[in-house]
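Contents: one structure, followed by commentary.
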Amino acid sequence: MIAVPYHLGRRDVEVGQGPARILQTLAHRCQIVERASSSNNELDAVVDVNTQLARVVARHENPAVILAGNCNSCVGTLAGLAGTEVGIVWFDAHGDFNTPETTISGALEGMSLAIATGGCHDELRRRIGLDPPVAEQNCVLVATRSLDPKEAIRLQRSAITVIGLSGLDAALDGLAKQVSALYLHLDLDVLDPVLSPGVNFQAPGGIAPEELFEAVRRIPAKIPIAAATIANFNPDRDQDDRTLRIACRLVEILQ
């Protein structure tokens, strides 16, 4: 297991606290990714964290389970899988397909999938080592329900497959013809915040934990998982450890 206890390059703040809280509960052995520099520039810090993560993933012998702060850790993980014909299955309340031109919030984490697929911040992506980007047609976005208006237009014009849970098996069958392995991204805000409140950027609605567990169990039978990330757990927003218990169960399923 690999832990990335950072939120936009800052250690142990907001969702950067999540990995340590999960590890404390599970008492699992884990490799902790640490920054190599102390730059205060946000983009430089994000590059630093992701570059170190890429190196750890590249050395990892078994499929990696990554406990991450926010979703931009995907760039480092995918860079570490270089040489693998990898596709992406991305569970998220949000599309994370914004660019600086389409975003309303300005949040870098809301551009994570766009960065990974070459839609924006190309210099950042190349500095981390993800070059070329992942092809849009090799990406499946699952159970998304909250899109910025211009982001929705970008998705409609893209080659990314956007589905609900009921379309997962068919989408995986199609993806299996194009890739040899998967990067599985699990942003915990895909869940109904009534059932799982411990996330940033809550969106009304969402799927139930058992639905997510069942979906994750089915995926390896279709395509091998090269790496899986559990992201966006903010202990400060959790209530009665509801999201913590869900995250721990996902770790157990993935290992």
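Following the order of the structure tokens, first chain is A, next is B, and so on, with residues numbered from 1 inside each chain and ligands from 1 in the order they appear.
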
Could you list, as a list in words, every residue within 9 Å of Leu254 in chain A, counting only C-alpha atoms and ignoring same-chain residues fewer than 3 positions away? Val65, Val216, Arg217, Ala228, Arg249, Leu250 and Val251 of chain A

Give me, as a ChimeraX atom specification, all polymer residues having an atom no more than 7 Å from range 101-103 of chain A, counting only C-alpha atoms and skipping those fewer than 5 positions away in the same chain. /A:148,150-151

Residue selection dump (N, CA and C atoms) as a CSV table (one decimal), in the first residue's frame:
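This is the output file again02.csv:
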chain,number,residue,atom,x,y,z
A,148,ASP,N,-19.8,21.3,-14.1
A,148,ASP,CA,-19.9,22.7,-14.5
A,148,ASP,C,-20.4,22.7,-15.9
A,150,LYS,N,-19.7,24.3,-18.7
A,150,LYS,CA,-18.8,24.2,-19.8
A,150,LYS,C,-18.0,22.8,-19.7
A,151,GLU,N,-17.8,22.3,-18.5
A,151,GLU,CA,-17.2,21.0,-18.4
A,151,GLU,C,-18.1,19.9,-19.0

Residue set, range 2-250 of chain A restricted to strand (DSSP E), as a VMD selection string: chain A and resid 2 to 4 6 to 7 10 to 11 31 to 32 64 to 68 86 to 91 139 to 142 161 to 163 181 to 187 225 to 231

Pick out the closest residue to Thr25 in chain A from this set: A:Thr77, A:Ser37, A:Thr161, A:Ile246. Count only C-alpha atoms.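 Going through A:Thr77, A:Ser37, A:Thr161, A:Ile246 one by one, the smallest distance to Thr25 in chain A is for A:Ile246.
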
Residues within 12 Å of range 179-184 of chain A, only C-alpha atoms, excluding chain neighbours under 6 positions, as a ChimeraX atom specification: /A:57,63-66,71,73-92,113,116,134-135,137-142,172-173,215-217,219-231,250,254

I'd like the contact shell of range 18-22 of chain A - 10 Å cut-off, only C-alpha atoms, skipping same-chain residues fewer than 4 positions apart - returned as an MDAnalysis selection string. chainID A and resid 2:7 12:14 26:28 32 66:70 198:199 230:236 243:248 251

With N, CA, C and O atoms retained, could you export that selection as a compact mmCIF listing (two decimals), in the first residue's frame?
# COMPACT_ATOMS: atom_id res chain seq x y z
N ILE A 2 0.38 2.30 -0.62
CA ILE A 2 1.09 3.56 -0.74
C ILE A 2 0.18 4.67 -0.23
O ILE A 2 -0.99 4.71 -0.57
N ALA A 3 0.72 5.56 0.58
CA ALA A 3 -0.05 6.69 1.09
C ALA A 3 0.54 8.00 0.59
O ALA A 3 1.76 8.18 0.58
N VAL A 4 -0.36 8.91 0.20
CA VAL A 4 0.03 10.23 -0.30
C VAL A 4 -0.69 11.27 0.57
O VAL A 4 -1.77 11.74 0.20
N PRO A 5 -0.13 11.63 1.72
CA PRO A 5 -0.86 12.47 2.69
C PRO A 5 -0.79 13.96 2.38
O PRO A 5 -0.41 14.78 3.23
N TYR A 6 -1.17 14.32 1.15
CA TYR A 6 -1.04 15.71 0.70
C TYR A 6 -2.33 16.21 0.06
O TYR A 6 -3.05 15.45 -0.61
N HIS A 7 -2.57 17.49 0.27
CA HIS A 7 -3.62 18.20 -0.44
C HIS A 7 -2.97 19.38 -1.15
O HIS A 7 -2.49 20.33 -0.52
N ASP A 12 -0.88 16.74 5.34
CA ASP A 12 -1.77 16.54 6.48
C ASP A 12 -2.75 17.69 6.70
O ASP A 12 -3.07 18.04 7.85
N VAL A 13 -3.25 18.28 5.63
CA VAL A 13 -4.32 19.26 5.75
C VAL A 13 -5.50 18.80 4.89
O VAL A 13 -5.32 18.13 3.88
N GLU A 14 -6.71 19.13 5.32
CA GLU A 14 -7.93 18.75 4.62
C GLU A 14 -7.88 17.26 4.23
O GLU A 14 -7.66 16.40 5.06
N LEU A 26 -6.50 0.78 10.19
CA LEU A 26 -6.21 -0.54 9.65
C LEU A 26 -4.93 -1.15 10.21
O LEU A 26 -4.75 -2.37 10.18
N ALA A 27 -4.00 -0.30 10.64
CA ALA A 27 -2.69 -0.75 11.13
C ALA A 27 -1.96 -1.59 10.08
O ALA A 27 -1.32 -2.59 10.39
N HIS A 28 -2.05 -1.16 8.82
CA HIS A 28 -1.36 -1.84 7.73
C HIS A 28 0.02 -1.23 7.50
O HIS A 28 0.23 -0.04 7.73
N ILE A 32 5.01 5.62 2.65
CA ILE A 32 4.52 6.99 2.67
C ILE A 32 5.31 7.82 1.66
O ILE A 32 6.54 7.85 1.69
N ILE A 66 -3.49 2.86 -3.44
CA ILE A 66 -2.97 4.17 -3.07
C ILE A 66 -4.02 4.92 -2.27
O ILE A 66 -5.16 5.07 -2.72
N LEU A 67 -3.65 5.36 -1.09
CA LEU A 67 -4.49 6.24 -0.29
C LEU A 67 -4.03 7.65 -0.54
O LEU A 67 -2.91 8.02 -0.17
N ALA A 68 -4.87 8.45 -1.19
CA ALA A 68 -4.44 9.77 -1.63
C ALA A 68 -5.25 10.86 -0.96
O ALA A 68 -6.35 10.62 -0.45
N GLY A 69 -4.69 12.05 -1.00
CA GLY A 69 -5.45 13.22 -0.59
C GLY A 69 -6.44 13.57 -1.66
O GLY A 69 -7.55 13.05 -1.70
N ASN A 70 -6.06 14.45 -2.59
CA ASN A 70 -7.00 14.78 -3.65
C ASN A 70 -6.67 14.07 -4.95
O ASN A 70 -5.67 13.35 -5.06
N GLY A 198 -17.77 12.44 4.84
CA GLY A 198 -16.40 12.88 5.07
C GLY A 198 -15.61 13.17 3.81
O GLY A 198 -14.56 12.56 3.59
N VAL A 199 -16.11 14.09 2.98
CA VAL A 199 -15.42 14.43 1.74
C VAL A 199 -15.49 15.94 1.51
O VAL A 199 -16.36 16.63 2.05
N ILE A 230 -7.88 5.42 -3.59
CA ILE A 230 -8.99 5.90 -2.77
C ILE A 230 -8.65 7.33 -2.37
O ILE A 230 -7.64 7.57 -1.70
N ALA A 231 -9.47 8.28 -2.81
CA ALA A 231 -9.13 9.69 -2.64
C ALA A 231 -10.29 10.48 -2.01
O ALA A 231 -11.43 10.04 -1.99
N ASN A 232 -9.93 11.65 -1.47
CA ASN A 232 -10.89 12.66 -1.03
C ASN A 232 -11.61 12.26 0.25
O ASN A 232 -12.82 12.50 0.39
N PHE A 233 -10.88 11.72 1.22
CA PHE A 233 -11.44 11.49 2.55
C PHE A 233 -10.95 12.61 3.47
O PHE A 233 -9.75 12.76 3.70
N ASN A 234 -11.89 13.39 3.98
CA ASN A 234 -11.56 14.48 4.90
C ASN A 234 -12.12 14.14 6.28
O ASN A 234 -13.33 14.28 6.51
N PRO A 235 -11.27 13.70 7.21
CA PRO A 235 -11.77 13.32 8.54
C PRO A 235 -12.49 14.45 9.27
O PRO A 235 -13.39 14.19 10.08
N ASP A 236 -12.12 15.69 8.98
CA ASP A 236 -12.77 16.82 9.65
C ASP A 236 -14.25 16.92 9.31
O ASP A 236 -15.04 17.51 10.07
N THR A 243 -17.53 7.60 6.74
CA THR A 243 -16.68 7.52 5.54
C THR A 243 -15.42 6.74 5.82
O THR A 243 -14.92 6.00 4.96
N LEU A 244 -14.89 6.85 7.02
CA LEU A 244 -13.70 6.07 7.40
C LEU A 244 -13.96 4.58 7.25
O LEU A 244 -13.14 3.85 6.67
N ARG A 245 -15.08 4.11 7.74
CA ARG A 245 -15.39 2.68 7.64
C ARG A 245 -15.53 2.24 6.18
O ARG A 245 -15.11 1.14 5.80
N ILE A 246 -16.11 3.09 5.36
CA ILE A 246 -16.25 2.77 3.94
C ILE A 246 -14.88 2.67 3.28
O ILE A 246 -14.60 1.73 2.52
N ALA A 247 -14.01 3.64 3.56
CA ALA A 247 -12.67 3.62 2.98
C ALA A 247 -11.91 2.38 3.39
O ALA A 247 -11.22 1.74 2.57
N CYS A 248 -12.02 2.00 4.66
CA CYS A 248 -11.32 0.80 5.14
C CYS A 248 -11.85 -0.46 4.45
O CYS A 248 -11.09 -1.37 4.12
N VAL A 251 -10.35 -0.73 1.01
CA VAL A 251 -8.98 -1.25 1.08
C VAL A 251 -9.00 -2.77 1.18
O VAL A 251 -8.24 -3.47 0.47

Name all residues at most 9 Å from Ile128 in chain A (count only C-alpha atoms; drop same-chain ones fewer than 6 positions away) and give them as number ranges by chain. A: 46-52, 54, 75-76, 79

Have a look at CA of Met111 in chain A and CA of Ala152 in chain A and let me know their distance in Å, one decimal.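 Interatomic distance here is 12.8 Å.
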
Kindly give the distance, in Å, that separates CA of Val56 in chain A and CA of Gln255 in chain A, rounded to a single decimal.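 Distance between the two atoms: 17.6 Å.
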
Run DSSP on the backbone and tell me which residues of range 35-130 of chain A come out as alpha helix (DSSP H); list them as a ChimeraX atom specification. /A:42-59,73-80,112-116,122-128

Preceding selection exported with N, CA and C atoms as a short mmCIF file (atom, residue, chain, number, x, y, z; two decimals), in the first residue's frame:
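For reference, result07.cif as written:
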data_model
loop_
_atom_site.label_atom_id
_atom_site.label_comp_id
_atom_site.auth_asym_id
_atom_site.auth_seq_id
_atom_site.Cartn_x
_atom_site.Cartn_y
_atom_site.Cartn_z
N GLU A 42 2.30 26.32 -5.50
CA GLU A 42 1.37 25.19 -5.49
C GLU A 42 1.63 24.21 -6.62
N LEU A 43 1.81 24.69 -7.83
CA LEU A 43 2.03 23.77 -8.95
C LEU A 43 3.34 23.02 -8.80
N ASP A 44 4.39 23.70 -8.32
CA ASP A 44 5.66 23.01 -8.09
C ASP A 44 5.50 21.93 -7.02
N ALA A 45 4.73 22.24 -5.99
CA ALA A 45 4.50 21.27 -4.93
C ALA A 45 3.73 20.06 -5.43
N VAL A 46 2.73 20.30 -6.28
CA VAL A 46 1.96 19.19 -6.86
C VAL A 46 2.86 18.33 -7.74
N VAL A 47 3.71 18.96 -8.53
CA VAL A 47 4.66 18.22 -9.36
C VAL A 47 5.59 17.38 -8.47
N ASP A 48 6.07 17.96 -7.40
CA ASP A 48 6.98 17.26 -6.49
C ASP A 48 6.33 16.01 -5.92
N VAL A 49 5.14 16.18 -5.34
CA VAL A 49 4.45 15.03 -4.74
C VAL A 49 4.20 13.94 -5.77
N ASN A 50 3.72 14.33 -6.93
CA ASN A 50 3.39 13.34 -7.96
C ASN A 50 4.62 12.68 -8.55
N THR A 51 5.72 13.40 -8.65
CA THR A 51 6.96 12.79 -9.15
C THR A 51 7.45 11.72 -8.18
N GLN A 52 7.38 12.03 -6.90
CA GLN A 52 7.79 11.02 -5.90
C GLN A 52 6.84 9.82 -5.93
N LEU A 53 5.53 10.08 -6.09
CA LEU A 53 4.57 8.99 -6.17
C LEU A 53 4.84 8.12 -7.39
N ALA A 54 5.12 8.73 -8.53
CA ALA A 54 5.41 7.96 -9.74
C ALA A 54 6.57 7.01 -9.52
N ARG A 55 7.60 7.47 -8.83
CA ARG A 55 8.76 6.61 -8.58
C ARG A 55 8.40 5.43 -7.69
N VAL A 56 7.56 5.68 -6.69
CA VAL A 56 7.15 4.60 -5.80
C VAL A 56 6.29 3.59 -6.54
N VAL A 57 5.34 4.06 -7.34
CA VAL A 57 4.47 3.16 -8.10
C VAL A 57 5.29 2.33 -9.09
N ALA A 58 6.27 2.96 -9.74
CA ALA A 58 7.09 2.24 -10.72
C ALA A 58 7.87 1.10 -10.08
N ARG A 59 8.22 1.24 -8.81
CA ARG A 59 8.98 0.19 -8.12
C ARG A 59 8.09 -0.85 -7.45
N SER A 73 -3.45 13.22 -7.63
CA SER A 73 -2.47 12.13 -7.46
C SER A 73 -2.54 11.14 -8.61
N CYS A 74 -3.64 11.15 -9.36
CA CYS A 74 -3.77 10.23 -10.50
C CYS A 74 -2.64 10.42 -11.50
N VAL A 75 -2.13 11.65 -11.64
CA VAL A 75 -1.11 11.91 -12.65
C VAL A 75 0.18 11.18 -12.28
N GLY A 76 0.55 11.23 -11.01
CA GLY A 76 1.73 10.52 -10.57
C GLY A 76 1.58 9.01 -10.68
N THR A 77 0.42 8.52 -10.30
CA THR A 77 0.19 7.07 -10.40
C THR A 77 0.28 6.60 -11.84
N LEU A 78 -0.37 7.31 -12.74
CA LEU A 78 -0.34 6.93 -14.16
C LEU A 78 1.06 7.05 -14.73
N ALA A 79 1.82 8.05 -14.31
CA ALA A 79 3.21 8.16 -14.75
C ALA A 79 4.02 6.96 -14.28
N GLY A 80 3.72 6.48 -13.08
CA GLY A 80 4.43 5.31 -12.57
C GLY A 80 4.08 4.02 -13.28
N SER A 112 -8.29 17.09 -12.70
CA SER A 112 -7.39 15.93 -12.63
C SER A 112 -7.51 15.01 -13.84
N LEU A 113 -8.73 14.63 -14.21
CA LEU A 113 -8.91 13.74 -15.36
C LEU A 113 -8.55 14.45 -16.66
N ALA A 114 -8.84 15.75 -16.71
CA ALA A 114 -8.45 16.53 -17.90
C ALA A 114 -6.94 16.57 -18.06
N ILE A 115 -6.21 16.73 -16.96
CA ILE A 115 -4.74 16.72 -17.03
C ILE A 115 -4.24 15.36 -17.50
N ALA A 116 -4.79 14.29 -16.92
CA ALA A 116 -4.33 12.95 -17.25
C ALA A 116 -4.56 12.59 -18.71
N ASP A 122 -0.41 20.85 -19.59
CA ASP A 122 0.49 19.88 -20.23
C ASP A 122 1.90 19.92 -19.63
N GLU A 123 2.37 21.12 -19.31
CA GLU A 123 3.72 21.21 -18.74
C GLU A 123 3.79 20.49 -17.41
N LEU A 124 2.78 20.66 -16.56
CA LEU A 124 2.73 19.96 -15.27
C LEU A 124 2.75 18.46 -15.49
N ARG A 125 1.91 17.98 -16.40
CA ARG A 125 1.84 16.53 -16.67
C ARG A 125 3.18 15.99 -17.14
N ARG A 126 3.83 16.72 -18.05
CA ARG A 126 5.12 16.24 -18.57
C ARG A 126 6.20 16.28 -17.50
N ARG A 127 6.18 17.28 -16.65
CA ARG A 127 7.17 17.35 -15.58
C ARG A 127 7.03 16.16 -14.63
N ILE A 128 5.82 15.71 -14.43
CA ILE A 128 5.59 14.55 -13.57
C ILE A 128 6.02 13.26 -14.27
#

Could you tell me how far CA of Leu165 in chain A sits from CA of Asn98 in chain A, in Å to one decimal place?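 Calculated distance between CA of Asn98 in chain A and CA of Leu165 in chain A is 22.4 Å.
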
Shortest contact to Leu23 in chain A, candidates A:Ser146, A:Met1, A:Gly205, A:Ser166, atoms counted only C-alpha atoms, goes to A:Met1

Nearest to Gln17 in chain A among A:Asp96, A:Asp131, A:Glu252, A:Asp238, with distances taken over only C-alpha atoms: which residue is it? A:Asp238
